[in-house]
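Q: The structure file run_9.tsv (TSV, C-alpha atoms) is provided below.
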chain	number	residue	atom	x	y	z
A	681	MET	CA	-0.77	23.07	-17.14
A	682	ALA	CA	-0.25	26.15	-14.97
A	683	ALA	CA	-3.98	26.79	-14.75
A	684	TYR	CA	-4.60	23.20	-13.71
A	685	GLU	CA	-2.04	23.46	-10.94
A	686	GLY	CA	-3.68	26.64	-9.68
A	687	SER	CA	-7.12	25.04	-9.52
A	688	PHE	CA	-5.65	22.19	-7.48
A	689	THR	CA	-4.45	24.47	-4.67
A	690	SER	CA	-7.67	24.65	-2.65
A	691	ALA	CA	-8.14	20.87	-2.68
A	692	LEU	CA	-4.52	20.34	-1.69
A	693	LEU	CA	-4.73	22.79	1.22
A	694	LEU	CA	-7.92	21.11	2.46
A	695	LEU	CA	-6.27	17.70	2.23
A	696	LEU	CA	-3.21	18.87	4.16
A	697	LEU	CA	-5.37	20.32	6.95
A	698	LEU	CA	-7.50	17.19	7.25
A	699	LEU	CA	-4.56	14.80	7.27
A	700	LEU	CA	-2.46	16.87	9.62
A	701	SER	CA	-5.30	16.97	12.13
A	702	SER	CA	-5.23	13.16	12.35
A	703	PHE	CA	-1.58	12.98	13.38
A	704	ARG	CA	-0.05	13.38	16.82
A	705	PRO	CA	3.54	14.63	16.77
A	706	ALA	CA	6.16	13.03	18.93
A	707	PRO	CA	7.39	15.03	21.91
A	708	GLY	CA	10.40	17.28	21.43
A	709	ARG	CA	11.51	20.09	19.22
A	710	PRO	CA	10.47	20.26	15.53
A	711	LEU	CA	12.40	18.36	12.90
A	712	THR	CA	14.73	21.21	11.94
A	713	GLY	CA	18.36	22.09	12.32
A	714	TYR	CA	19.91	19.19	10.45
A	715	PRO	CA	22.83	20.55	8.39
A	716	ALA	CA	22.73	17.74	5.82
A	717	VAL	CA	20.63	14.84	4.54
A	718	PHE	CA	21.89	11.51	3.23
A	719	ASN	CA	19.16	9.60	1.41
A	720	PHE	CA	18.92	5.92	0.45
A	721	GLY	CA	16.21	4.17	-1.52
A	722	ASP	CA	14.51	3.53	-4.84
A	723	SER	CA	12.54	5.59	-7.37
A	724	ASN	CA	10.36	7.05	-4.62
A	725	SER	CA	13.31	9.27	-3.72
A	726	ASP	CA	15.66	9.01	-6.72
A	727	THR	CA	16.60	12.52	-7.88
A	728	GLY	CA	18.66	11.37	-10.85
A	729	GLY	CA	20.82	8.49	-9.68
A	730	LEU	CA	19.61	5.86	-12.14
A	731	VAL	CA	19.84	8.30	-15.05
A	732	ALA	CA	23.44	9.09	-14.12
A	733	GLY	CA	24.39	5.53	-13.18
A	734	VAL	CA	23.14	3.53	-16.17
A	735	ALA	CA	21.89	6.27	-18.53
A	736	PHE	CA	18.31	5.12	-17.94
A	737	PRO	CA	15.99	7.22	-20.16
A	738	VAL	CA	13.70	9.43	-18.07
A	739	GLY	CA	12.56	11.86	-20.73
A	740	PRO	CA	9.51	14.11	-21.25
A	741	PRO	CA	6.89	14.49	-19.95
A	742	ASN	CA	8.67	13.63	-16.68
A	743	GLY	CA	9.50	16.80	-14.75
A	744	GLU	CA	7.03	19.00	-16.57
A	745	THR	CA	5.08	20.55	-13.67
A	746	TYR	CA	7.89	21.91	-11.49
A	747	PHE	CA	11.25	21.64	-13.23
A	748	HIS	CA	9.68	22.12	-16.70
A	749	GLU	CA	12.08	19.52	-18.06
A	750	PRO	CA	13.18	15.99	-17.11
A	751	SER	CA	15.07	16.10	-13.81
A	752	GLY	CA	15.98	12.43	-13.38
A	753	ARG	CA	12.91	11.89	-11.19
A	754	PHE	CA	10.21	9.35	-12.02
A	755	SER	CA	7.52	11.98	-11.59
A	756	ASP	CA	6.04	15.05	-13.22
A	757	GLY	CA	7.29	17.14	-10.29
A	758	ARG	CA	8.97	16.85	-6.93
A	759	LEU	CA	9.30	13.83	-4.65
A	760	ILE	CA	8.73	13.61	-0.90
A	761	VAL	CA	12.45	14.06	-0.28
A	762	ASP	CA	12.34	17.31	-2.30
A	763	PHE	CA	9.51	18.71	-0.19
A	764	LEU	CA	11.37	17.79	2.99
A	765	MET	CA	14.53	19.51	1.76
A	766	ASP	CA	12.47	22.59	0.94
A	767	ALA	CA	10.95	22.59	4.41
A	768	MET	CA	14.42	22.38	5.95
A	769	ASP	CA	15.63	25.31	3.80
A	770	LEU	CA	18.18	23.05	2.16
A	771	PRO	CA	18.81	22.69	-1.60
A	772	PHE	CA	17.61	19.58	-3.39
A	773	LEU	CA	19.93	16.61	-3.02
A	774	SER	CA	22.41	15.91	-5.80
A	775	PRO	CA	22.67	12.26	-6.87
A	776	TYR	CA	25.89	10.65	-5.70
A	777	LEU	CA	26.38	9.11	-9.14
A	778	ASP	CA	26.00	12.39	-11.06
A	779	SER	CA	29.38	13.93	-11.91
A	780	VAL	CA	28.24	16.34	-14.62
A	781	GLY	CA	27.57	20.00	-13.91
A	782	GLY	CA	29.64	20.27	-10.74
A	783	PRO	CA	27.05	18.98	-8.24
A	784	SER	CA	27.26	20.34	-4.72
A	785	PHE	CA	27.28	17.88	-1.83
A	786	LYS	CA	27.65	20.48	0.92
A	787	THR	CA	24.30	19.61	2.47
A	788	GLY	CA	24.26	15.90	1.71
A	789	SER	CA	23.94	13.41	-1.09
A	790	ASN	CA	21.33	11.11	-2.57
A	791	PHE	CA	22.27	7.46	-3.05
A	792	ALA	CA	18.79	6.32	-4.09
A	793	THR	CA	18.27	4.85	-7.57
A	794	GLY	CA	15.09	3.79	-9.32
A	795	GLY	CA	14.39	0.08	-9.17
A	796	ALA	CA	16.71	-0.52	-6.22
A	797	THR	CA	16.00	-3.35	-3.82
A	798	ILE	CA	17.09	-4.07	-0.27
A	799	LEU	CA	18.31	-7.53	-1.21
A	800	PRO	CA	21.51	-7.69	-3.27
A	801	ALA	CA	21.05	-7.42	-7.02
A	802	ASN	CA	21.46	-10.54	-9.14
A	803	ALA	CA	21.97	-11.26	-12.83
A	804	ALA	CA	18.30	-10.64	-13.57
A	805	SER	CA	18.16	-7.29	-11.75
A	806	ARG	CA	17.64	-4.16	-13.82
A	807	ASN	CA	19.37	-2.06	-11.17
A	808	PRO	CA	22.77	-3.02	-9.70
A	809	PHE	CA	22.61	-0.39	-6.94
A	810	SER	CA	20.91	-2.32	-4.15
A	811	PHE	CA	20.72	-0.98	-0.61
A	812	GLY	CA	24.01	-2.62	0.41
A	813	ILE	CA	25.76	-1.01	-2.56
A	814	GLN	CA	24.29	2.36	-1.64
A	815	VAL	CA	25.66	2.01	1.89
A	816	ALA	CA	29.06	1.07	0.45
A	817	GLN	CA	28.88	4.13	-1.79
A	818	PHE	CA	28.22	6.28	1.27
A	819	SER	CA	31.28	4.84	3.00
A	820	ARG	CA	33.38	5.67	-0.04
A	821	PHE	CA	31.80	9.12	-0.24
A	822	LYS	CA	32.56	9.92	3.40
A	823	ALA	CA	36.15	8.68	3.19
A	824	ARG	CA	36.79	10.66	0.02
A	825	VAL	CA	35.21	13.81	1.47
A	826	LEU	CA	37.36	13.67	4.59
A	827	ASP	CA	40.50	13.14	2.52
A	828	LEU	CA	39.71	16.12	0.31
A	829	LEU	CA	38.82	18.40	3.21
A	830	ALA	CA	42.06	17.47	4.98
A	831	SER	CA	44.03	18.71	1.96
A	832	ASN	CA	41.91	21.73	1.04
A	833	LYS	CA	39.53	23.43	3.48
A	834	ASN	CA	38.13	25.58	0.67
A	835	LEU	CA	36.28	22.52	-0.56
A	836	GLN	CA	33.82	23.02	2.32
A	837	LYS	CA	31.92	25.19	-0.16
A	838	TYR	CA	31.02	21.99	-2.02
A	839	LEU	CA	31.41	19.15	0.48
A	840	PRO	CA	29.87	18.43	3.89
A	841	LYS	CA	31.89	19.22	6.98
A	842	GLU	CA	33.08	16.24	8.98
A	843	ALA	CA	30.59	17.00	11.75
A	844	TYR	CA	27.69	16.83	9.29
A	845	PHE	CA	28.07	13.06	9.00
A	846	GLN	CA	27.01	12.68	12.64
A	847	GLU	CA	24.67	15.66	12.85
A	848	GLY	CA	22.89	14.97	9.54
A	849	LEU	CA	19.62	13.17	8.89
A	850	TYR	CA	19.71	9.74	7.21
A	851	THR	CA	16.50	9.05	5.30
A	852	PHE	CA	15.26	5.76	3.83
A	853	ASP	CA	12.48	4.77	1.43
A	854	VAL	CA	13.16	1.29	0.09
A	855	GLY	CA	11.60	-2.18	0.04
A	856	GLN	CA	8.74	-1.75	-2.43
A	857	ASN	CA	10.68	-3.36	-5.27
A	858	ASP	CA	11.64	-6.39	-3.18
A	859	LEU	CA	7.95	-7.18	-2.74
A	860	TYR	CA	7.03	-6.26	-6.32
A	861	VAL	CA	9.67	-8.53	-7.84
A	862	ALA	CA	9.05	-11.37	-5.38
A	863	PHE	CA	5.45	-11.77	-6.57
A	864	PHE	CA	6.68	-12.73	-10.05
A	865	SER	CA	7.98	-16.06	-8.74
A	866	LYS	CA	6.44	-16.57	-5.30
A	867	THR	CA	3.01	-17.03	-3.75
A	868	GLU	CA	1.72	-14.53	-1.23
A	869	ASP	CA	2.70	-16.80	1.66
A	870	GLN	CA	6.19	-17.23	0.24
A	871	VAL	CA	6.61	-13.48	-0.23
A	872	ILE	CA	5.59	-12.82	3.37
A	873	ALA	CA	7.92	-15.59	4.55
A	874	SER	CA	10.81	-13.84	2.79
A	875	ILE	CA	10.31	-10.52	4.60
A	876	PRO	CA	12.58	-11.36	7.59
A	877	THR	CA	15.43	-12.00	5.16
A	878	ILE	CA	14.79	-8.69	3.41
A	879	LEU	CA	14.67	-6.76	6.67
A	880	SER	CA	17.77	-8.52	8.00
A	881	GLU	CA	19.65	-7.03	5.04
A	882	PHE	CA	18.13	-3.63	5.80
A	883	GLN	CA	19.11	-3.92	9.46
A	884	ASN	CA	22.68	-4.74	8.48
A	885	GLY	CA	22.83	-1.60	6.35
A	886	ILE	CA	21.46	0.57	9.14
A	887	GLN	CA	24.03	-0.83	11.54
A	888	ARG	CA	26.86	-0.19	9.08
A	889	LEU	CA	25.76	3.42	8.80
A	890	TYR	CA	25.58	3.71	12.59
A	891	ASN	CA	29.10	2.34	12.85
A	892	ALA	CA	30.16	4.97	10.31
A	893	GLY	CA	28.81	7.74	12.53
A	894	ALA	CA	25.15	8.11	11.53
A	895	ARG	CA	22.88	8.93	14.47
A	896	ASN	CA	19.60	10.29	13.07
A	897	PHE	CA	17.48	7.81	11.09
A	898	TRP	CA	14.22	8.66	9.31
A	899	ILE	CA	12.57	5.53	7.85
A	900	HIS	CA	9.53	5.45	5.56
A	901	ASN	CA	7.51	2.28	5.39
A	902	THR	CA	6.34	1.03	2.00
A	903	GLY	CA	3.14	2.18	0.34
A	904	PRO	CA	0.10	0.18	-0.81
A	905	LEU	CA	1.79	-1.88	-3.53
A	906	GLY	CA	-1.52	-3.37	-4.63
A	907	CYS	CA	-2.87	0.03	-5.67
A	908	LEU	CA	-0.29	0.75	-8.40
A	909	ALA	CA	-1.70	0.69	-11.93
A	910	ARG	CA	0.90	-1.71	-13.32
A	911	VAL	CA	0.31	-4.15	-10.46
A	912	ILE	CA	-3.47	-4.03	-10.82
A	913	ALA	CA	-3.25	-4.54	-14.59
A	914	SER	CA	-1.22	-7.72	-14.12
A	915	ASN	CA	-3.93	-9.36	-12.04
A	916	LYS	CA	-5.64	-12.48	-13.32
A	917	ASN	CA	-7.59	-13.30	-10.16
A	918	GLU	CA	-10.74	-11.24	-9.70
A	919	SER	CA	-11.17	-12.49	-6.16
A	920	ASP	CA	-7.93	-10.70	-5.23
A	921	VAL	CA	-9.42	-7.26	-5.95
A	922	ASP	CA	-10.47	-5.33	-2.84
A	923	PRO	CA	-13.29	-2.73	-2.62
A	924	LEU	CA	-10.87	0.05	-3.61
A	925	GLY	CA	-9.88	-1.77	-6.79
A	926	CYS	CA	-6.44	-2.67	-5.41
A	927	LEU	CA	-4.90	-6.13	-5.16
A	928	ALA	CA	-5.47	-7.38	-1.62
A	929	SER	CA	-2.59	-9.88	-1.70
A	930	ARG	CA	-0.03	-7.19	-2.54
A	931	ASN	CA	-1.34	-4.86	0.13
A	932	ARG	CA	-1.34	-7.63	2.73
A	933	ALA	CA	2.32	-8.25	1.92
A	934	ALA	CA	3.05	-4.52	2.25
A	935	VAL	CA	1.30	-4.44	5.64
A	936	ALA	CA	3.30	-7.48	6.78
A	937	PHE	CA	6.51	-5.78	5.65
A	938	ASN	CA	5.57	-2.58	7.47
A	939	THR	CA	4.63	-4.41	10.66
A	940	GLN	CA	8.03	-6.08	10.83
A	941	LEU	CA	9.81	-2.88	9.81
A	942	HIS	CA	8.06	-1.07	12.65
A	943	GLN	CA	9.39	-3.66	15.08
A	944	LEU	CA	12.87	-2.32	14.29
A	945	CYS	CA	11.66	0.92	15.84
A	946	THR	CA	10.60	-0.59	19.14
A	947	THR	CA	12.78	0.24	22.09
A	948	THR	CA	14.14	-3.27	22.61
A	949	THR	CA	14.95	-4.00	18.98
A	950	ALA	CA	16.31	-0.52	18.27
A	951	ALA	CA	18.46	-0.53	21.39
A	952	GLN	CA	20.07	-3.77	20.21
A	953	LEU	CA	20.49	-2.43	16.67
A	954	LEU	CA	21.77	1.03	17.60
A	955	PRO	CA	23.36	0.78	21.05
A	956	ALA	CA	23.70	4.43	22.03
A	957	GLY	CA	23.01	8.01	21.04
A	958	ALA	CA	20.70	7.43	18.10
A	959	ASN	CA	17.29	8.77	17.06
A	960	LEU	CA	15.18	6.43	14.94
A	961	THR	CA	11.87	7.60	13.46
A	962	TYR	CA	9.40	5.40	11.58
A	963	VAL	CA	6.98	7.20	9.24
A	964	ASP	CA	3.72	5.51	8.25
A	965	VAL	CA	3.51	6.59	4.60
A	966	TYR	CA	1.29	3.58	3.81
A	967	ALA	CA	-1.60	4.99	5.83
A	968	VAL	CA	-1.33	8.41	4.19
A	969	LYS	CA	-1.27	7.04	0.65
A	970	LEU	CA	-4.11	4.59	1.29
A	971	ASP	CA	-6.20	7.42	2.74
A	972	LEU	CA	-5.57	9.46	-0.42
A	973	ILE	CA	-6.88	6.58	-2.52
A	974	ALA	CA	-9.82	5.62	-0.32
A	975	ASN	CA	-11.06	9.19	0.11
A	976	HIS	CA	-9.89	10.71	-3.17
A	977	SER	CA	-13.17	12.41	-4.06
A	978	ARG	CA	-13.40	14.12	-0.68
A	979	TYR	CA	-10.01	15.66	-1.34
A	980	GLY	CA	-10.73	16.78	-4.90
A	981	PHE	CA	-9.15	13.93	-6.86
A	982	LYS	CA	-11.00	12.05	-9.61
A	983	GLU	CA	-9.20	8.85	-10.66
A	984	PRO	CA	-7.15	7.47	-7.73
A	985	LEU	CA	-5.70	4.45	-9.55
A	986	ALA	CA	-5.07	5.77	-13.07
A	987	ALA	CA	-1.65	6.78	-14.35
A	988	CYS	CA	-1.44	10.31	-15.76
A	989	CYS	CA	1.51	9.37	-17.93
A	990	GLY	CA	0.22	6.26	-19.61
A	991	TYR	CA	-2.04	5.00	-22.37
A	992	GLY	CA	-5.50	3.47	-22.61
A	993	GLY	CA	-7.68	5.76	-20.52
A	994	PRO	CA	-9.44	5.18	-17.20
A	995	PRO	CA	-9.62	3.32	-14.94
A	996	LEU	CA	-5.87	2.58	-15.10
A	997	ASN	CA	-4.63	4.38	-18.23
A	998	PHE	CA	-2.03	1.64	-18.57
A	999	ASP	CA	-0.73	-0.38	-21.49
A	1000	SER	CA	2.32	-2.57	-20.89
A	1001	ARG	CA	3.48	-1.85	-24.46
A	1002	VAL	CA	3.66	1.92	-23.93
A	1003	ASP	CA	5.77	3.14	-21.00
A	1004	CYS	CA	5.72	6.71	-19.77
A	1005	GLY	CA	7.82	8.87	-22.07
A	1006	HIS	CA	8.10	6.24	-24.79
A	1007	GLY	CA	4.88	6.72	-26.74
A	1008	ASP	CA	2.95	9.39	-28.57
A	1009	ARG	CA	2.92	12.43	-26.28
A	1010	LYS	CA	-0.58	13.54	-27.21
A	1011	SER	CA	-2.14	10.16	-26.51
A	1012	MET	CA	-0.33	9.96	-23.18
A	1013	ARG	CA	-1.49	13.43	-22.14
A	1014	ARG	CA	-5.09	12.83	-23.08
A	1015	TYR	CA	-6.14	11.70	-19.62
A	1016	GLU	CA	-3.95	13.96	-17.49
A	1017	ARG	CA	-6.85	15.82	-15.88
A	1018	VAL	CA	-8.54	12.77	-14.39
A	1019	CYS	CA	-5.59	11.07	-12.69
A	1020	GLU	CA	-3.89	13.39	-10.25
A	1021	LEU	CA	-2.65	10.72	-7.79
A	1022	GLY	CA	-0.56	8.45	-10.00
A	1023	TRP	CA	2.01	9.83	-12.44
A	1024	ASN	CA	2.99	6.68	-14.31
A	1025	PRO	CA	1.91	3.07	-13.66
A	1026	LEU	CA	4.42	2.63	-10.80
A	1027	TYR	CA	4.90	6.11	-9.29
A	1028	ARG	CA	2.88	8.91	-7.72
A	1029	SER	CA	2.52	12.38	-9.21
A	1030	GLY	CA	4.28	15.41	-7.75
A	1031	GLN	CA	0.93	16.79	-6.62
A	1032	SER	CA	0.01	13.67	-4.68
A	1033	VAL	CA	3.40	13.21	-3.00
A	1034	CYS	CA	3.16	16.80	-1.77
A	1035	VAL	CA	0.45	15.63	0.61
A	1036	PRO	CA	2.33	12.86	2.46
A	1037	ALA	CA	5.37	15.12	2.49
A	1038	GLY	CA	3.38	17.73	4.39
A	1039	VAL	CA	2.07	15.11	6.77
A	1040	VAL	CA	5.36	13.46	7.69
A	1041	TRP	CA	6.98	16.85	8.17
A	1042	GLU	CA	4.65	17.45	11.13
A	1043	PHE	CA	6.37	14.66	13.02
A	1044	GLN	CA	8.92	16.05	15.43
A	1045	ARG	CA	12.44	15.06	16.23
A	1046	PRO	CA	12.72	13.35	19.62
A	1047	ALA	CA	14.63	15.29	22.25
A	1048	SER	CA	14.72	13.12	25.34
A	1049	ASN	CA	13.84	9.68	23.95
A	1050	ARG	CA	16.47	7.98	21.85
A	1051	PHE	CA	13.91	6.01	19.87
A	1052	ILE	CA	10.55	7.25	18.77
A	1053	CYS	CA	8.24	5.56	16.26
A	1054	CYS	CA	5.74	7.88	14.63
A	1055	ARG	CA	2.52	6.25	13.56
A	1056	ARG	CA	-0.84	7.49	12.46
Let me see whether you can do it: turn the structure in this file into C-alpha cells.

A:
Amino acid sequence: MAAYEGSFTSALLLLLLLLLSSFRPAPGRPLTGYPAVFNFGDSNSDTGGLVAGVAFPVGPPNGETYFHEPSGRFSDGRLIVDFLMDAMDLPFLSPYLDSVGGPSFKTGSNFATGGATILPANAASRNPFSFGIQVAQFSRFKARVLDLLASNKNLQKYLPKEAYFQEGLYTFDVGQNDLYVAFFSKTEDQVIASIPTILSEFQNGIQRLYNAGARNFWIHNTGPLGCLARVIASNKNESDVDPLGCLASRNRAAVAFNTQLHQLCTTTTAAQLLPAGANLTYVDVYAVKLDLIANHSRYGFKEPLAACCGYGGPPLNFDSRVDCGHGDRKSMRRYERVCELGWNPLYRSGQSVCVPAGVVWEFQRPASNRFICCRR
C-alpha cells in the first residue's frame, strides 16, 4: 500500500494546485491561532465517537493507510477535520465519548458520531446522538471542565482553559443523514419541503452554543448525496441518473439544503441568529467533491463512484450483503487500485478527503467583518 500512496502524490499535488487556484479567500488574516476546536457532526468527522458510544464495529481494513489500524474513523485514513487539525498544529481531536486511554481534551473535543442527524433521533434511529444531544454533551463537557479546573489547576494539562471556549473554533459537518434517511419514506418534493424544519433544529443548536460562549463557527455544507455508491445502487429509476452516474434527485435535495444553509450565513439572518461578536464561515464542500467526481481522470483518479472497501467490482463495488470490514478481506481489497475517491459505499477515502481539506484551509478567518460566507 505504501508504494500506491507514493504514486498518488503527484496527482494529489496537481489537484490541490488546480482547486486552490479557483478559490478566492475572504479578507483578513489566515485561519490560524485558534487554541482549541470543538467539532459536531456525523461520520464525515467522527474520530471514534460511535465506536466508543455504542461499541459500533469499525474494524479492518478501516484505518489502514495512515493509522495502520482501525482508529474509529469510517475511512482508510484521515478525515477533513484531521487535516485541519494538522494544519493548525493541533493534535487530533479525542472523541467526547471515549474514556479509555486517558484522552486529552486540552485543545478541544469531538462530539461527532457516525450516522448522526440534525433532527432528534427516534425509535428507528441507529444513532441516538443527534445534533441536539451533541450540543447538550458540549454543555455538560464545559460545565464539568470548569468545575475541575476550579478545584485543580494542574488539570490544564488535559483540559481546555476557560478562555478556549470563547476563543476556540466550532466546526460542523452534519445534515447528510437527514436527507439520506428521508428518501426512504418521502418523495423528493417532500424531502425538500422538510429542509426548513431540519435547519431550524440546526439553527437552535448554533444559538445554544453561542449562548454558551461560542463565537467562531465553521460550517460545512453537505456533499453530493446522489454520488455515493450505496445511494446509487438503491436506485430503481433510470431516468433519475445524471450524466455523472449520480442520482439527480438526491443531489437536487443536497443543493436545496445547501442553499438554505447558506442563507444562515447572510448578514441579515446571521445577525439575527448571532447578535454580536461572532464569526460565521460557510464552506462549500459540495462543489469541491462534485468537481473531484466530474473531473476525476484529469486529477489522476480512475473510478469516481466505486467503493474501495466493498464487494462486486466496478462501477460501484457495492453489495448490500457485504459491508466494509464484514466480508472476506481479499475479495474486498481486490478493487482497491481503481477506486481512490470512495472508501466504502457511504464515505470518502482518506486520499480524497485530503483534497477538500486543503481547499477549505485556504479560506481565511474574517478580521473586520463579523460574518463571512466562503463560496467557490

Q: Using all atoms listed in the file, which residue out of A:Gly728, A:Gly752, A:Gly992, A:Gly885 lies closest to Ala816 in chain A?

A: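 Of A:Gly728, A:Gly752, A:Gly992, A:Gly885, the one nearest Ala816 in chain A, counting all atoms listed in the file, is A:Gly885.
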
Q: Using all atoms listed in the file, which residue out of A:Val963, A:Ala796, A:Ala804, A:Ala716 lies closest to Glu842 in chain A?

A: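 Between A:Val963, A:Ala796, A:Ala804, A:Ala716, the residue approaching Glu842 in chain A most closely is A:Ala716.
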
Q: Considering only C-alpha atoms, can you say which of A:Thr727, A:Asn802, A:Asn917, A:Asn832 comes closest to Gly743 in chain A?

A: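 Ranking A:Thr727, A:Asn802, A:Asn917, A:Asn832 by distance to Gly743 in chain A, first place goes to A:Thr727.
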
Q: Using all atoms listed in the file for the distances, tell me which of A:Asp778, A:Asp756, A:Glu983, A:Glu749 is nearest to Gly925 in chain A.

A: A:Glu983

Q: What does the distance from CA of Glu744 in chain A to CA of Gly788 in chain A come to in Å, to one decimal?

A: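 Here the two named atoms are 25.3 Å from each other.
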
Q: At what distance in Å, to one decimal, does CA of Met765 in chain A lie from CA of Thr787 in chain A?

A: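 The value is 9.8 Å.
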
Q: So which one's closest to Asn975 in chain A, A:Ala892, A:Leu924, A:Val825, A:Ala958? Using only C-alpha atoms, please.

A: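 Of the candidates, the smallest distance to Asn975 in chain A is held by A:Leu924.
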
Q: Within 9 Å of range 869-884 of chain A, which residues of range 701-808 of chain A come that close, and what is the closest atom pair and distance in Å for each? Count all atoms listed in the file and give it as CSV.

A:
residue,atom,partner,partner_atom,distance
A:Ile798,CA,A:Phe882,CA,6.2
A:Leu799,CA,A:Ile878,CA,5.9
A:Pro800,CA,A:Glu881,CA,8.5
